[in-house]
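**Student:** Below is one structure. I have some questions about it.
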Amino acid sequence: MTGAMYSAVAGLRAHMNALNVIGNNISNVNTNAYKASRYTFLESMYSNMRNGSNGTVQSGGNNPSQVGYGASIGTIDLDMSTKNFTPTGINGDVMINGNGFFIVGDKGQSFNSMSDIKNMLLTRHGDLGFDSQGYMVDGNKKVVYGYLATERMVNKGTDEEPVWTTEYEGQPILTDFRMPMLVQKECYVYLNTKTGEQIIWDHKPTKDELNALDVPDSDKTDEIGADGKPTGQKVFNENLIIKKEKGDALYPSYKRTPARDENGQVIADKFDVEFTDANTSTVLGAGNATGAKLEDFVGDARALVDSISIDDGSGRVTATTTTGKVVVVGYLAIAKCDNPNGVTHVDGHYYQALEGAGNVYATSIKGAVQNSHGPVMKDDPNNPGQQIVDKPASMGYDETTGKIPGEISGILSSGATTLISGGLESSGTDLATEISNMILVQRGYQANTRIVTVTDTMLEELVNMKR
């Protein structure tokens with residue numbers, strides 16, 4: 001066989017692979033959030049018939065003489081750029097407008113560092129909703145991961161004229177997204193702003209019961225004596241207690257306890273994080289007696305969803321339950337990669353940030369969930385040009401370590417990435433381009449077949465010389 005035959009066969013193989021890429025793109029022309037692939041051709045190996053040489057004083061030089069052996073597929077790349085918005089009118093449908101992916105996977109995954117996210121599935125297909133167990137899932141029933149909301153009381157006024165209102169803040173811990181639980185009987189709830197521990201009473205706690213709690217100074221207030229003046233003592237701030245009636249939502253939280261080694265000794269700067277759910281909340285009775293469990297108040301009931309709403313600018317998911325209560329479920333997490341075009345397609349519309357994608361980061365839309373970036377700062381009124389701590393950027397901020405115990409450090413803002421709710425991202429296939437490329441590939445394939453037939457004719461003539 002001649003070199004032309006080998007070149008033609010290589011060209012046929014390369015053009016067939018290119019046609020496979022085009023065929024897959026065209027077949028997914030109506031697949032939401034599909035990311036089209038792009039191919040490039042690469043020259044194959046060369047053989048030297050004569051090496052090149054530089055000229056000398058007596059003679060001139062010559063160029064190298066090389067013969068190539070066809071073409072091959074050089075690269076097959078993903079185009080991860082944002083495509084058009086396709087409205088569906090469904091509240092649970094959401095499109096990522098910019099770089100990033102939703103994080104999905106099986107239930108109960110835990111994350112000790114950003115590198116753990118490499119084991120999760122990433123997707124741009126935002127058909128989200130809640131299943132019968134209260135978990136947010138995508139269309140393939142993969143559980144969506146985000147930052148659960150914490151409910152607490154915050155003073156929106158001043159110390160002289162306080163205005164206590166309920167505030168919802170995303171916990172800086174990445175976890176599976178789920179609806180809060182439904183309260184089955186009246187109770188009272190307090191959330192420790194330092195440890196994250198959630199304490200529930202089966203009755204309205206007395207002043208003595210509240211003052212017996214070990215709480216941070218931020219959860220205390222000045223004691224007012226019988227004369228209406230401060231006594232100089234700090235007592236528990238009763239405004240932090242939230243009363244729950246039957247049908248209200250009870251938000252899960254997490255408590256941070258110092259980690260211990262195998263000998264039971266406390267490990268400095270390390271914490272164990274435990275979510276407060278049906279069996280892990282602290283429930284108190286008369287005189288702060290323990291023994292009851294949260295399941296005694298909520299059973300295994302998750303709030304049932306009547307409708308959901310996703311905020312475009314923060315990723316906050318709000319749901320209306322069948323009891324008519326409006327609850328904030330949490331905030332969607334967006335994963336970002338150093339090289340989004342380098343993610344690996346694993347199944348359907350899922351990707352993984354394997355080799356080639358670089359580092360992967362958990363972000364929140366417009367910094368709605370903050371963590372170890374530190375406390376919120378404000379100008380010091382007593383020292384112009386200086387700043388002081390206004391309040392922690394998130395629950396449990398430790399000023400000595402500059403971190404929040406139990407969190408994944410480095411939850412970033414999503415930057416320019418936002419969400420568009422009520423629709424999905426359209427397919428990345430440009431049909432006009434693909435049809436044009438298909439014609440070019442067809443002609444290239446046809447030309448390579450001609451090389452095969454011409455080479456065959458020449459070989460036939462060579463064989464016939466013997467006659």
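If you're wondering about the labels, chains in the structure tokens are A, B, ... by order shown, residues count from 1 in each chain, ligands from 1 in order shown.
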When you look at His345 of chain A with a cut-off of 10 Å (counting only C-alpha atoms), what residues show up, excluding the ones that are within fewer than 5 positions of it in the same chain? I need them as a list in words.
**Tutor:** Lys35, Leu78, Leu121, Leu122, Thr123, Tyr350, Tyr351, Gln352, Ala353 and Leu354 of chain A
**Student:** Enumerate, as a PyMOL selection string, the complete set of residues in segment 306-358 of chain A that a backbone-based DSSP assignment places in strand (DSSP E).
**Tutor:** chain A and resi 306-310+316-321+326-337+344-347+350-352
**Student:** Quick one: distance from atom CA of Thr206 of chain A to atom CA of Gly287 of chain A in Å, one decimal?
**Tutor:**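 Distance reported for this atom pair: 8.6 Å.
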**Student:** Identify which of the residues A:Gly23, A:Gly11, A:Gly324, A:Gly146 lies closest to Arg443 of chain A, counting only C-alpha atoms when measuring atom-to-atom distances.
**Tutor:**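 Nearest to Arg443 of chain A: A:Gly11.
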**Student:** Considering only C-alpha atoms, can you say which of A:Asp219, A:Asp248, A:Glu197, A:Glu167 comes closest to Arg152 of chain A?
**Tutor:**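 Residue with the minimum atom-to-atom distance to Arg152 of chain A: A:Glu167.
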**Student:** Which of these, A:Ala4, A:Cys187, A:Met465, A:Ala18, has the shortest distance to Val441 of chain A once you count only C-alpha atoms?
**Tutor:** A:Ala18
**Student:** Out of A:Val57, A:Val327, A:Ala362, A:Val452, which residue has the shortest atom-to-atom distance to Tyr147 of chain A when counting only C-alpha atoms?
**Tutor:**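 For Tyr147 of chain A, the nearest of the candidates is A:Ala362.
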**Student:** Segment 126-140 of chain A: which residues within 6 Å, counting only C-alpha atoms, same-chain residues fewer than 4 positions away excluded, as number ranges by chain?
**Tutor:** A: 92-95, 144, 177-179, 302
**Student:** Write the residues of the preceding selection, restricted to C-alpha atoms, as an mmCIF file, in the first residue's frame.
**Tutor:**
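Once everything was written out, this is selection.cif:
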```cif
data_model
loop_
_atom_site.group_PDB
_atom_site.id
_atom_site.type_symbol
_atom_site.label_atom_id
_atom_site.label_comp_id
_atom_site.auth_asym_id
_atom_site.auth_seq_id
_atom_site.Cartn_x
_atom_site.Cartn_y
_atom_site.Cartn_z
ATOM 1 C CA GLY A 92 -39.135 25.487 39.977
ATOM 2 C CA ASP A 93 -37.316 25.875 36.676
ATOM 3 C CA VAL A 94 -34.238 28.076 36.895
ATOM 4 C CA MET A 95 -31.392 28.946 34.556
ATOM 5 C CA VAL A 144 -29.708 19.402 45.115
ATOM 6 C CA PHE A 177 -31.455 20.934 50.400
ATOM 7 C CA ARG A 178 -34.598 20.074 52.359
ATOM 8 C CA MET A 179 -37.788 21.585 53.652
ATOM 9 C CA ARG A 302 -41.628 17.735 56.517
#
```
**Student:** So which residues touch Thr418 of chain A within 10 Å, counting only C-alpha atoms, skipping near sequence neighbours fewer than 4 positions away, as a ChimeraX atom specification?
**Tutor:** /A:95-100,311-315,334,364-366,414
**Student:** Could you write out the selected residues, including N, CA and C atoms, as a PDB file, in the first residue's frame?
**Tutor:**
```pdb
ATOM      1  N   MET A  95     -32.553  28.967  35.441  1.00  0.00           N
ATOM      2  CA  MET A  95     -31.392  28.946  34.556  1.00  0.00           C
ATOM      3  C   MET A  95     -30.244  29.708  35.194  1.00  0.00           C
ATOM      4  N   ILE A  96     -29.031  29.176  35.057  1.00  0.00           N
ATOM      5  CA  ILE A  96     -27.838  29.886  35.515  1.00  0.00           C
ATOM      6  C   ILE A  96     -27.412  30.862  34.434  1.00  0.00           C
ATOM      7  N   ASN A  97     -27.441  32.140  34.766  1.00  0.00           N
ATOM      8  CA  ASN A  97     -27.053  33.181  33.817  1.00  0.00           C
ATOM      9  C   ASN A  97     -25.604  33.571  34.094  1.00  0.00           C
ATOM     10  N   GLY A  98     -24.682  32.860  33.458  1.00  0.00           N
ATOM     11  CA  GLY A  98     -23.265  33.073  33.698  1.00  0.00           C
ATOM     12  C   GLY A  98     -22.574  31.742  33.919  1.00  0.00           C
ATOM     13  N   ASN A  99     -21.353  31.797  34.414  1.00  0.00           N
ATOM     14  CA  ASN A  99     -20.603  30.573  34.672  1.00  0.00           C
ATOM     15  C   ASN A  99     -21.090  29.900  35.944  1.00  0.00           C
ATOM     16  N   GLY A 100     -21.011  28.583  35.970  1.00  0.00           N
ATOM     17  CA  GLY A 100     -21.358  27.860  37.186  1.00  0.00           C
ATOM     18  C   GLY A 100     -22.248  26.672  36.919  1.00  0.00           C
ATOM     19  N   ASP A 311     -35.363  33.300  44.114  1.00  0.00           N
ATOM     20  CA  ASP A 311     -34.944  34.675  43.900  1.00  0.00           C
ATOM     21  C   ASP A 311     -33.748  34.715  42.953  1.00  0.00           C
ATOM     22  N   ASP A 312     -33.867  35.513  41.886  1.00  0.00           N
ATOM     23  CA  ASP A 312     -32.817  35.558  40.865  1.00  0.00           C
ATOM     24  C   ASP A 312     -31.518  36.143  41.392  1.00  0.00           C
ATOM     25  N   GLY A 313     -31.594  37.105  42.286  1.00  0.00           N
ATOM     26  CA  GLY A 313     -30.406  37.824  42.704  1.00  0.00           C
ATOM     27  C   GLY A 313     -29.674  37.245  43.885  1.00  0.00           C
ATOM     28  N   SER A 314     -30.265  36.254  44.587  1.00  0.00           N
ATOM     29  CA  SER A 314     -29.599  35.683  45.756  1.00  0.00           C
ATOM     30  C   SER A 314     -29.640  34.157  45.786  1.00  0.00           C
ATOM     31  N   GLY A 315     -30.471  33.542  44.938  1.00  0.00           N
ATOM     32  CA  GLY A 315     -30.612  32.097  44.970  1.00  0.00           C
ATOM     33  C   GLY A 315     -31.453  31.604  46.127  1.00  0.00           C
ATOM     34  N   ILE A 334     -23.808  27.387  43.991  1.00  0.00           N
ATOM     35  CA  ILE A 334     -23.322  27.359  42.617  1.00  0.00           C
ATOM     36  C   ILE A 334     -21.844  26.977  42.645  1.00  0.00           C
ATOM     37  N   SER A 364     -22.023  31.344  46.394  1.00  0.00           N
ATOM     38  CA  SER A 364     -23.427  31.703  46.571  1.00  0.00           C
ATOM     39  C   SER A 364     -23.712  32.925  45.702  1.00  0.00           C
ATOM     40  N   ILE A 365     -24.944  33.022  45.250  1.00  0.00           N
ATOM     41  CA  ILE A 365     -25.326  34.108  44.352  1.00  0.00           C
ATOM     42  C   ILE A 365     -25.149  35.444  45.057  1.00  0.00           C
ATOM     43  N   LYS A 366     -24.301  36.295  44.464  1.00  0.00           N
ATOM     44  CA  LYS A 366     -24.064  37.657  44.963  1.00  0.00           C
ATOM     45  C   LYS A 366     -23.674  37.697  46.440  1.00  0.00           C
ATOM     46  N   SER A 414     -20.669  34.580  43.766  1.00  0.00           N
ATOM     47  CA  SER A 414     -20.752  34.050  42.401  1.00  0.00           C
ATOM     48  C   SER A 414     -20.310  35.065  41.366  1.00  0.00           C
TER      49      SER A 414
END
```
**Student:** From the DSSP assignment of the backbone, select every residue of segment 8-90 of chain A that is helix (DSSP H, G or I), and format the answer as a ChimeraX atom specification.
**Tutor:** /A:8-27
**Student:** Could you write those residues out with N, CA and C atoms, as an mmCIF file, in the first residue's frame?
**Tutor:**
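Once written, part_5.cif looks like this:
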```
data_model
loop_
_atom_site.group_PDB
_atom_site.id
_atom_site.type_symbol
_atom_site.label_atom_id
_atom_site.label_comp_id
_atom_site.auth_asym_id
_atom_site.auth_seq_id
_atom_site.Cartn_x
_atom_site.Cartn_y
_atom_site.Cartn_z
ATOM 1 N N ALA A 8 -5.506 8.625 3.226
ATOM 2 C CA ALA A 8 -6.937 8.650 2.957
ATOM 3 C C ALA A 8 -7.729 7.948 4.049
ATOM 4 N N VAL A 9 -7.205 6.810 4.501
ATOM 5 C CA VAL A 9 -7.899 6.079 5.577
ATOM 6 C C VAL A 9 -7.932 6.918 6.857
ATOM 7 N N ALA A 10 -6.803 7.579 7.160
ATOM 8 C CA ALA A 10 -6.779 8.455 8.342
ATOM 9 C C ALA A 10 -7.769 9.605 8.187
ATOM 10 N N GLY A 11 -7.846 10.176 6.976
ATOM 11 C CA GLY A 11 -8.804 11.240 6.735
ATOM 12 C C GLY A 11 -10.238 10.776 6.870
ATOM 13 N N LEU A 12 -10.524 9.555 6.369
ATOM 14 C CA LEU A 12 -11.878 9.003 6.510
ATOM 15 C C LEU A 12 -12.246 8.849 7.985
ATOM 16 N N ARG A 13 -11.289 8.323 8.773
ATOM 17 C CA ARG A 13 -11.557 8.125 10.199
ATOM 18 C C ARG A 13 -11.777 9.460 10.898
ATOM 19 N N ALA A 14 -10.956 10.455 10.589
ATOM 20 C CA ALA A 14 -11.089 11.763 11.224
ATOM 21 C C ALA A 14 -12.417 12.420 10.870
ATOM 22 N N HIS A 15 -12.818 12.342 9.578
ATOM 23 C CA HIS A 15 -14.078 12.961 9.171
ATOM 24 C C HIS A 15 -15.282 12.213 9.746
ATOM 25 N N MET A 16 -15.164 10.897 9.940
ATOM 26 C CA MET A 16 -16.260 10.148 10.572
ATOM 27 C C MET A 16 -16.412 10.547 12.030
ATOM 28 N N ASN A 17 -15.278 10.732 12.735
ATOM 29 C CA ASN A 17 -15.362 11.193 14.123
ATOM 30 C C ASN A 17 -15.961 12.599 14.194
ATOM 31 N N ALA A 18 -15.587 13.450 13.233
ATOM 32 C CA ALA A 18 -16.174 14.789 13.203
ATOM 33 C C ALA A 18 -17.675 14.713 12.966
ATOM 34 N N LEU A 19 -18.095 13.786 12.093
ATOM 35 C CA LEU A 19 -19.524 13.628 11.830
ATOM 36 C C LEU A 19 -20.249 13.115 13.071
ATOM 37 N N ASN A 20 -19.581 12.289 13.871
ATOM 38 C CA ASN A 20 -20.184 11.820 15.123
ATOM 39 C C ASN A 20 -20.454 12.991 16.065
ATOM 40 N N VAL A 21 -19.502 13.932 16.147
ATOM 41 C CA VAL A 21 -19.685 15.111 16.989
ATOM 42 C C VAL A 21 -20.861 15.942 16.476
ATOM 43 N N ILE A 22 -20.892 16.154 15.147
ATOM 44 C CA ILE A 22 -21.987 16.941 14.558
ATOM 45 C C ILE A 22 -23.322 16.253 14.781
ATOM 46 N N GLY A 23 -23.346 14.925 14.601
ATOM 47 C CA GLY A 23 -24.598 14.189 14.798
ATOM 48 C C GLY A 23 -25.127 14.289 16.215
ATOM 49 N N ASN A 24 -24.208 14.239 17.195
ATOM 50 C CA ASN A 24 -24.638 14.362 18.592
ATOM 51 C C ASN A 24 -25.167 15.757 18.873
ATOM 52 N N ASN A 25 -24.519 16.774 18.309
ATOM 53 C CA ASN A 25 -24.997 18.149 18.494
ATOM 54 C C ASN A 25 -26.384 18.330 17.900
ATOM 55 N N ILE A 26 -26.586 17.815 16.676
ATOM 56 C CA ILE A 26 -27.883 17.990 16.019
ATOM 57 C C ILE A 26 -28.969 17.204 16.737
ATOM 58 N N SER A 27 -28.629 16.009 17.231
ATOM 59 C CA SER A 27 -29.648 15.211 17.933
ATOM 60 C C SER A 27 -30.106 15.883 19.215
#
```
**Student:** Which is closer to Ala71 of chain A than all the others in A:Asn263, A:Ser218, A:Asn382, A:Ser44, using only C-alpha atoms?
**Tutor:** A:Ser44
**Student:** Smallest atom-to-atom distance to Lys118 of chain A: which of A:Gly415, A:Gly232, A:Gly356, A:Gly385, using only C-alpha atoms?
**Tutor:**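 The answer is A:Gly356, which sits nearest to Lys118 of chain A.
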**Student:** Pick out the residues sitting within 7 Å of Val235 of chain A, and hand them over as a PDB file with N, CA and C atoms, in the first residue's frame; count only C-alpha atoms, and ignore anything fewer than 3 positions along from it in its own chain.
**Tutor:**
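Output below, filename out-v2.pdb:
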```
ATOM      1  N   ASN A 211     -32.097  32.037  82.285  1.00  0.00           N
ATOM      2  CA  ASN A 211     -30.838  32.533  82.837  1.00  0.00           C
ATOM      3  C   ASN A 211     -29.901  31.394  83.240  1.00  0.00           C
ATOM      4  N   LYS A 220     -27.348  38.097  75.522  1.00  0.00           N
ATOM      5  CA  LYS A 220     -27.791  38.624  76.808  1.00  0.00           C
ATOM      6  C   LYS A 220     -28.108  40.109  76.674  1.00  0.00           C
ATOM      7  N   THR A 221     -28.807  40.617  77.649  1.00  0.00           N
ATOM      8  CA  THR A 221     -29.150  42.034  77.675  1.00  0.00           C
ATOM      9  C   THR A 221     -29.053  42.534  79.112  1.00  0.00           C
ATOM     10  N   ASP A 222     -29.102  43.841  79.273  1.00  0.00           N
ATOM     11  CA  ASP A 222     -29.012  44.415  80.620  1.00  0.00           C
ATOM     12  C   ASP A 222     -30.274  44.089  81.415  1.00  0.00           C
ATOM     13  N   GLU A 223     -30.064  43.690  82.660  1.00  0.00           N
ATOM     14  CA  GLU A 223     -31.199  43.433  83.552  1.00  0.00           C
ATOM     15  C   GLU A 223     -31.765  44.767  84.045  1.00  0.00           C
TER      16      GLU A 223
END
```
**Student:** Rounded to one decimal place, report the atom CA of Tyr188 of chain A-atom CA of Val154 of chain A distance in Å.
**Tutor:** 16.5 Å
